[in-house]
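The data block below is entry.txt; it holds compact mmCIF, C-alpha atoms.
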# COMPACT_ATOMS: atom_id res chain seq x y z
CA MET A 1 74.29 -63.06 -24.07
CA LYS A 2 73.33 -62.98 -20.41
CA GLN A 3 71.05 -65.99 -20.86
CA LEU A 4 73.89 -67.87 -22.60
CA LEU A 5 76.28 -67.16 -19.72
CA LEU A 6 73.68 -68.29 -17.18
CA ALA A 7 73.11 -71.52 -19.09
CA PHE A 8 76.85 -72.16 -19.27
CA ALA A 9 77.21 -71.53 -15.52
CA ALA A 10 74.36 -73.93 -14.78
CA LEU A 11 76.00 -76.58 -16.96
CA LEU A 12 79.30 -76.19 -15.10
CA LEU A 13 77.48 -76.49 -11.78
CA LEU A 14 75.74 -79.66 -12.93
CA PHE A 15 78.96 -81.37 -13.96
CA SER A 16 80.81 -80.27 -10.82
CA CYS A 17 78.05 -81.72 -8.65
CA LYS A 18 78.10 -84.99 -10.53
CA LYS A 19 81.84 -85.31 -10.09
CA GLU A 20 81.74 -84.49 -6.40
CA ASP A 21 78.84 -86.84 -5.64
CA SER A 22 80.20 -89.76 -7.67
CA PRO A 23 80.75 -92.73 -5.31
CA VAL A 24 82.90 -94.65 -7.79
CA PRO A 25 86.60 -94.24 -6.90
CA GLN A 26 89.30 -93.29 -9.35
CA LEU A 27 91.65 -95.98 -10.66
CA GLU A 28 94.41 -94.71 -8.42
CA ASN A 29 94.84 -92.50 -5.36
CA ALA A 30 97.63 -91.69 -2.93
CA ASP A 31 97.40 -95.04 -1.14
CA TRP A 32 95.89 -97.55 -3.57
CA TYR A 33 95.87 -98.84 -7.10
CA MET A 34 92.39 -99.97 -8.07
CA LEU A 35 91.99 -102.47 -10.94
CA ARG A 36 88.65 -103.54 -12.42
CA SER A 37 87.96 -106.98 -13.86
CA PRO A 38 87.46 -107.31 -17.63
CA ASP A 39 84.05 -108.95 -17.13
CA ASN A 40 80.98 -108.15 -15.01
CA ARG A 41 81.79 -110.46 -12.12
CA ASP A 42 83.38 -110.09 -8.70
CA ILE A 43 87.10 -110.76 -8.48
CA LYS A 44 87.36 -113.89 -6.36
CA ALA A 45 91.13 -114.16 -6.02
CA VAL A 46 94.39 -112.57 -7.13
CA HIS A 47 97.98 -113.77 -7.36
CA GLY A 48 101.31 -112.33 -8.44
CA ASP A 49 102.75 -108.84 -8.39
CA ILE A 50 101.32 -105.62 -9.84
CA ASP A 51 104.82 -104.61 -10.99
CA GLY A 52 105.11 -107.82 -13.00
CA THR A 53 102.44 -110.38 -13.82
CA LEU A 54 99.11 -110.29 -12.01
CA THR A 55 96.56 -113.09 -12.33
CA ILE A 56 92.91 -112.90 -11.25
CA THR A 57 89.87 -115.13 -11.37
CA THR A 58 86.28 -113.91 -11.57
CA GLY A 59 84.89 -117.29 -10.62
CA PHE A 60 84.66 -118.99 -14.02
CA GLU A 61 87.35 -117.14 -15.98
CA ILE A 62 91.03 -116.38 -15.44
CA PHE A 63 92.74 -113.20 -16.68
CA VAL A 64 96.35 -112.01 -16.70
CA THR A 65 97.76 -108.48 -16.90
CA THR A 66 101.34 -107.29 -17.23
CA ASP A 67 100.56 -103.56 -17.44
CA LYS A 68 98.73 -102.89 -14.16
CA GLY A 69 95.28 -103.64 -15.52
CA LYS A 70 95.39 -101.47 -18.64
CA SER A 71 94.86 -104.62 -20.69
CA TRP A 72 93.94 -108.20 -19.80
CA THR A 73 94.63 -111.51 -21.52
CA LYS A 74 92.14 -114.30 -20.95
CA GLY A 75 93.58 -117.65 -19.90
CA ASN A 76 92.41 -120.82 -21.61
CA TYR A 77 90.71 -122.28 -18.52
CA ASN A 78 87.25 -123.40 -19.71
CA ALA A 79 86.08 -126.13 -17.33
CA ARG A 80 83.16 -123.95 -16.16
CA VAL A 81 83.74 -124.98 -12.56
CA GLY A 82 83.75 -122.27 -9.90
CA LEU A 83 87.20 -120.99 -8.88
CA PHE A 84 88.07 -119.59 -5.47
CA ALA A 85 91.83 -119.21 -4.92
CA PHE A 86 95.35 -119.56 -6.28
CA LEU A 87 98.26 -121.52 -4.85
CA GLU A 88 101.89 -121.35 -6.01
CA LYS A 89 104.25 -124.30 -5.62
CA GLU A 90 107.79 -123.62 -6.88
CA ASP A 91 107.30 -122.50 -10.51
CA THR A 92 103.74 -123.83 -10.84
CA LEU A 93 100.50 -121.92 -10.27
CA PHE A 94 97.43 -123.89 -9.23
CA VAL A 95 93.82 -122.70 -9.21
CA LEU A 96 91.50 -124.16 -6.58
CA GLU A 97 88.01 -125.32 -7.52
CA GLY A 98 86.52 -125.88 -4.07
CA GLN A 99 85.78 -123.85 -0.98
CA ARG A 100 85.52 -124.92 2.65
CA SER A 101 84.49 -123.05 5.78
CA GLY A 102 83.05 -123.68 9.22
CA ALA A 103 79.42 -123.58 10.24
CA SER A 104 79.49 -119.86 11.07
CA VAL A 105 79.77 -117.07 8.48
CA PHE A 106 82.50 -115.58 10.68
CA ASP A 107 84.69 -118.70 10.37
CA ASN A 108 87.81 -118.92 8.23
CA VAL A 109 87.28 -119.72 4.54
CA PHE A 110 89.69 -121.84 2.50
CA GLY A 111 90.16 -122.71 -1.15
CA ILE A 112 90.68 -126.43 -1.80
CA GLN A 113 90.95 -128.91 -4.71
CA PRO A 114 93.88 -127.68 -6.89
CA THR A 115 92.74 -129.53 -10.00
CA TRP A 116 94.28 -127.26 -12.68
CA PHE A 117 97.81 -125.90 -13.00
CA SER A 118 99.67 -123.37 -15.15
CA MET A 119 103.37 -123.07 -15.94
CA ASN A 120 103.15 -119.55 -17.40
CA ARG A 121 101.46 -117.51 -14.66
CA GLY A 122 97.88 -118.23 -15.68
CA LEU A 123 97.67 -118.09 -19.46
CA ASN A 124 97.61 -121.82 -20.21
CA TRP A 125 96.01 -124.39 -17.92
CA GLU A 126 96.27 -128.16 -17.78
CA ARG A 127 94.32 -130.63 -15.69
CA SER A 128 96.45 -132.47 -13.16
CA THR A 129 96.39 -136.25 -13.35
CA SER A 130 98.10 -136.73 -9.99
CA ARG A 131 96.18 -136.60 -6.71
CA ARG A 132 99.06 -137.42 -4.36
CA ASP A 133 99.00 -134.73 -1.69
CA PHE A 134 96.52 -132.38 -3.32
CA ASP A 135 93.70 -133.21 -0.95
CA ASP A 136 95.67 -131.64 1.90
CA TRP A 137 96.38 -128.40 0.08
CA LYS A 138 94.34 -125.41 1.12
CA VAL A 139 94.66 -121.64 0.87
CA PRO A 140 93.03 -119.09 3.19
CA ILE A 141 90.65 -116.79 1.34
CA ASN A 142 89.35 -114.25 3.84
CA TYR A 143 92.69 -113.67 5.58
CA ALA A 144 96.42 -113.54 4.85
CA TYR A 145 99.70 -112.78 6.61
CA SER A 146 101.85 -109.71 5.99
CA GLY A 147 105.59 -109.87 5.45
CA ASN A 148 106.29 -109.75 9.19
CA GLY A 149 103.69 -112.37 10.08
CA ILE A 150 100.74 -110.22 11.12
CA ARG A 151 97.34 -111.63 10.18
CA PHE A 152 94.97 -109.37 8.23
CA GLU A 153 91.38 -110.38 7.55
CA ILE A 154 88.15 -109.06 6.06
CA ASP A 155 86.25 -107.04 8.64
CA LEU A 156 82.74 -108.46 8.65
CA ILE A 157 79.78 -107.17 10.66
CA GLN A 158 76.11 -108.06 11.00
CA ASN A 159 73.82 -105.02 10.89
CA GLU A 160 70.59 -104.49 12.80
CA GLU A 161 68.56 -106.13 10.03
CA GLY A 162 70.71 -109.25 10.27
CA TYR A 163 72.54 -108.73 6.98
CA LEU A 164 76.28 -109.19 6.66
CA GLN A 165 78.48 -106.34 5.48
CA THR A 166 82.21 -106.21 4.75
CA ILE A 167 83.51 -102.87 5.99
CA GLY A 168 87.24 -103.12 5.33
CA ILE A 169 90.31 -104.98 6.58
CA LYS A 170 91.46 -105.47 10.16
CA SER A 171 94.62 -106.93 11.65
CA GLU A 172 95.22 -109.01 14.75
CA SER A 173 97.22 -106.07 16.11
CA GLY A 174 94.11 -103.88 16.05
CA ARG A 175 94.76 -101.90 12.89
CA LYS A 176 91.74 -101.17 10.68
CA ILE A 177 92.09 -100.35 6.99
CA ALA A 178 89.27 -98.68 5.09
CA LEU A 179 88.97 -98.71 1.31
CA PRO A 180 88.04 -95.75 -0.93
CA ALA A 181 84.58 -97.22 -1.67
CA ARG A 182 82.16 -99.83 -0.33
CA HIS A 183 82.34 -103.35 -1.74
CA GLN A 184 81.33 -106.86 -0.92
CA LEU A 185 84.87 -108.05 -0.18
CA VAL A 186 85.98 -111.58 -1.03
CA SER A 187 89.69 -112.25 -0.48
CA VAL A 188 92.95 -110.96 1.00
CA TYR A 189 96.44 -111.52 -0.38
CA PHE A 190 100.00 -110.22 0.15
CA ASP A 191 102.72 -110.24 -2.49
CA LYS A 192 106.39 -110.82 -1.71
CA LYS A 193 106.87 -107.10 -1.02
CA SER A 194 104.09 -107.23 1.63
CA ARG A 195 101.75 -105.07 -0.41
CA LEU A 196 98.13 -105.75 0.43
CA TYR A 197 95.64 -106.92 -2.22
CA VAL A 198 91.89 -106.95 -1.49
CA THR A 199 89.38 -108.34 -4.00
CA GLY A 200 85.63 -107.97 -4.21
CA SER A 201 82.63 -106.67 -6.08
CA ALA A 202 82.06 -103.50 -8.03
CA PRO A 203 81.52 -100.39 -5.86
CA LEU A 204 78.27 -100.45 -3.86
CA CYS A 205 76.05 -97.51 -2.96
CA SER A 206 73.21 -98.98 -0.90
CA GLU A 207 72.97 -99.64 2.82
CA GLY A 208 71.08 -102.26 4.76
CA LYS A 209 69.06 -105.05 3.19
CA THR A 210 70.21 -104.85 -0.42
CA PHE A 211 73.51 -104.43 -2.22
CA GLU A 212 73.01 -101.94 -5.02
CA TYR A 213 75.79 -101.27 -7.49
CA CYS A 214 76.79 -97.66 -8.02
CA ASP A 215 76.93 -98.34 -11.76
CA GLN A 216 74.16 -100.70 -12.88
CA VAL A 217 75.89 -101.33 -16.23
CA ASN A 218 79.52 -101.76 -15.23
CA ARG A 219 79.51 -104.37 -12.48
CA SER A 220 83.10 -105.49 -12.98
CA GLY A 221 84.80 -106.61 -9.81
CA THR A 222 87.58 -104.79 -8.03
CA VAL A 223 91.04 -105.44 -6.66
CA TYR A 224 92.81 -102.87 -4.50
CA ILE A 225 96.60 -102.91 -4.18
CA SER A 226 98.36 -100.89 -1.53
CA LYS A 227 101.18 -98.75 -2.90
CA LYS A 228 103.27 -99.27 0.22
CA PRO A 229 104.01 -102.41 2.23
CA VAL A 230 101.52 -103.21 4.98
CA LEU A 231 103.35 -104.75 7.90
CA PHE A 232 101.42 -104.12 11.13
For this file, write the structure as structure tokens.
Amino acid sequence: MKQLLLAFAALLLLFSCKKEDSPVPQLENADWYMLRSPDNRDIKAVHGDIDGTLTITTGFEIFVTTDKGKSWTKGNYNARVGLFAFLEKEDTLFVLEGQRSGASVFDNVFGIQPTWFSMNRGLNWERSTSRRDFDDWKVPINYAYSGNGIRFEIDLIQNEEGYLQTIGIKSESGRKIALPARHQLVSVYFDKKSRLYVTGSAPLCSEGKTFEYCDQVNRSGTVYISKKPVLF
């Protein structure tokens, strides 16, 4: 009996240690919702509203959720061209196939070439046959403006080994926002309620030269959504 109790205690200790040491965040905490992509790719961009319809792209696929990420519906986009951003014009949602940036990795990054459009928030896509003003359309990827006009951008540093790391979000007013886990961050977005959305990779656990996923099997990308408006 004593040996059985000792074994049971050891088992409880093992599970408690695993839970405490786990670097993968929960799907929700006091400040953030955290949604995972339905495939094993980074989330490149997000558009919409978590309380309504939310649309994401993982680079070559587009997915839509209306229940805060509990289930996803795959859009019919199948051009197999890389996707980088969304742009809304009136009641039409465009997805942008190109990306443009400056010579430095610290320069602004923009999505360009809105070749495909959707009239139902991302489920069905059609190729545009008009190129009138599309060449001038661009959407910032690594920064966005809050509801009161404050710019927030991905906080990027270069470590001693010369490798780039994304360490969170910073604003032009000096505010720094950390996330519950480490990721390779990709894009920043605000909805109409000024809630902050940050997209990126699956959680990372390594430091320095390599980016090692915490879970080598589930590498689905991540989008964080602030529960409260971010305004400064």
Got a sec to check which residues sit within 8 Å of (104.7, -106.2, -15.4), counting all atoms listed in the file, and write them as a PyMOL selection string?
chain A and resi 49-54+65-68
Please measure the separation of CA of Ser173 in chain A and CA of Pro140 in chain A, giving the value in Å to one decimal.
18.8 Å
Near range 82-89 of chain A, within 9 Å and counting all atoms listed in the file, which residues show up once chain neighbours fewer than 5 positions away are dropped, as a list in words?
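Using all atoms listed in the file, the neighbours found are Lys44, Ala45, Val46, His47, Thr55, Ile56, Thr57, Thr58, Gly59, Phe60, Glu61, Ile62, Phe94, Val95, Leu96, Glu97, Gly98, Gln99, Phe110, Gly111, Ile112, Pro114, Trp137, Lys138, Val139, Pro140, Ile141 and Ser187 of chain A.
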For Asp39 in chain A, the nearest of the candidates A:His183, A:Lys227, A:Lys192, A:Arg219, counting all atoms listed in the file:
A:Arg219
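Across the structure, CA of Arg182 in chain A and CA of Gly122 in chain A are spaced 28.7 Å apart.
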Report, in Å with one decimal, the straight-line distance from CA of Val109 in chain A to CA of Leu93 in chain A.
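CA of Leu93 in chain A lies at a distance of 20.0 Å from CA of Val109 in chain A.
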Nearby residues (all atoms listed in the file) at most 9 Å from Ile169 in chain A, same-chain spacing under 3 positions excluded, as a PDB file with C-alpha atoms, in the frame of the given file:
ATOM      1  CA  PHE A 152      94.970-109.370   8.230  1.00  0.00           C
ATOM      2  CA  GLU A 153      91.380-110.380   7.550  1.00  0.00           C
ATOM      3  CA  ILE A 154      88.150-109.060   6.060  1.00  0.00           C
ATOM      4  CA  ASP A 155      86.250-107.040   8.640  1.00  0.00           C
ATOM      5  CA  LEU A 156      82.740-108.460   8.650  1.00  0.00           C
ATOM      6  CA  THR A 166      82.210-106.210   4.750  1.00  0.00           C
ATOM      7  CA  ARG A 175      94.760-101.900  12.890  1.00  0.00           C
ATOM      8  CA  LYS A 176      91.740-101.170  10.680  1.00  0.00           C
ATOM      9  CA  ILE A 177      92.090-100.350   6.990  1.00  0.00           C
ATOM     10  CA  ALA A 178      89.270 -98.680   5.090  1.00  0.00           C
ATOM     11  CA  LEU A 179      88.970 -98.710   1.310  1.00  0.00           C
ATOM     12  CA  VAL A 188      92.950-110.960   1.000  1.00  0.00           C
ATOM     13  CA  VAL A 198      91.890-106.950  -1.490  1.00  0.00           C
TER      14      VAL A 198
END
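Of the residues under consideration (A:Leu35, A:Trp125, A:Asn142, A:Arg195), A:Asn142 shows the shortest atom-to-atom contact distance to Ser101 in chain A when counting only C-alpha atoms.
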Counting all atoms listed in the file, the residue of A:Ile43, A:Ile225, A:Tyr189, A:Glu28 that sits nearest Ala202 in chain A:
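For Ala202 in chain A, the nearest of the given residues is A:Ile43.
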Which centre and which edge lengths, in Å to one decimal, describe the axis-aligned box that holds all listed atoms of range 88-107 of chain A after 4 Å is added on each side, as JSON?
{"center_x": 93.6, "center_y": -120.7, "center_z": 0.1, "size_x": 36.4, "size_y": 18.3, "size_z": 29.9}
Met34 in chain A environment, 10 Å, all atoms listed in the file, sequence neighbours closer than 6 positions dropped, as a PDB file with C-alpha atoms, in the coordinates of the input:
ATOM      1  CA  PRO A  25      86.600 -94.240  -6.900  1.00  0.00           C
ATOM      2  CA  GLN A  26      89.300 -93.290  -9.350  1.00  0.00           C
ATOM      3  CA  LEU A  27      91.650 -95.980 -10.660  1.00  0.00           C
ATOM      4  CA  GLU A  28      94.410 -94.710  -8.420  1.00  0.00           C
ATOM      5  CA  LYS A  68      98.730-102.890 -14.160  1.00  0.00           C
ATOM      6  CA  GLY A  69      95.280-103.640 -15.520  1.00  0.00           C
ATOM      7  CA  PRO A 180      88.040 -95.750  -0.930  1.00  0.00           C
ATOM      8  CA  TYR A 197      95.640-106.920  -2.220  1.00  0.00           C
ATOM      9  CA  VAL A 198      91.890-106.950  -1.490  1.00  0.00           C
ATOM     10  CA  THR A 199      89.380-108.340  -4.000  1.00  0.00           C
ATOM     11  CA  THR A 222      87.580-104.790  -8.030  1.00  0.00           C
ATOM     12  CA  VAL A 223      91.040-105.440  -6.660  1.00  0.00           C
ATOM     13  CA  TYR A 224      92.810-102.870  -4.500  1.00  0.00           C
ATOM     14  CA  ILE A 225      96.600-102.910  -4.180  1.00  0.00           C
ATOM     15  CA  SER A 226      98.360-100.890  -1.530  1.00  0.00           C
TER      16      SER A 226
END
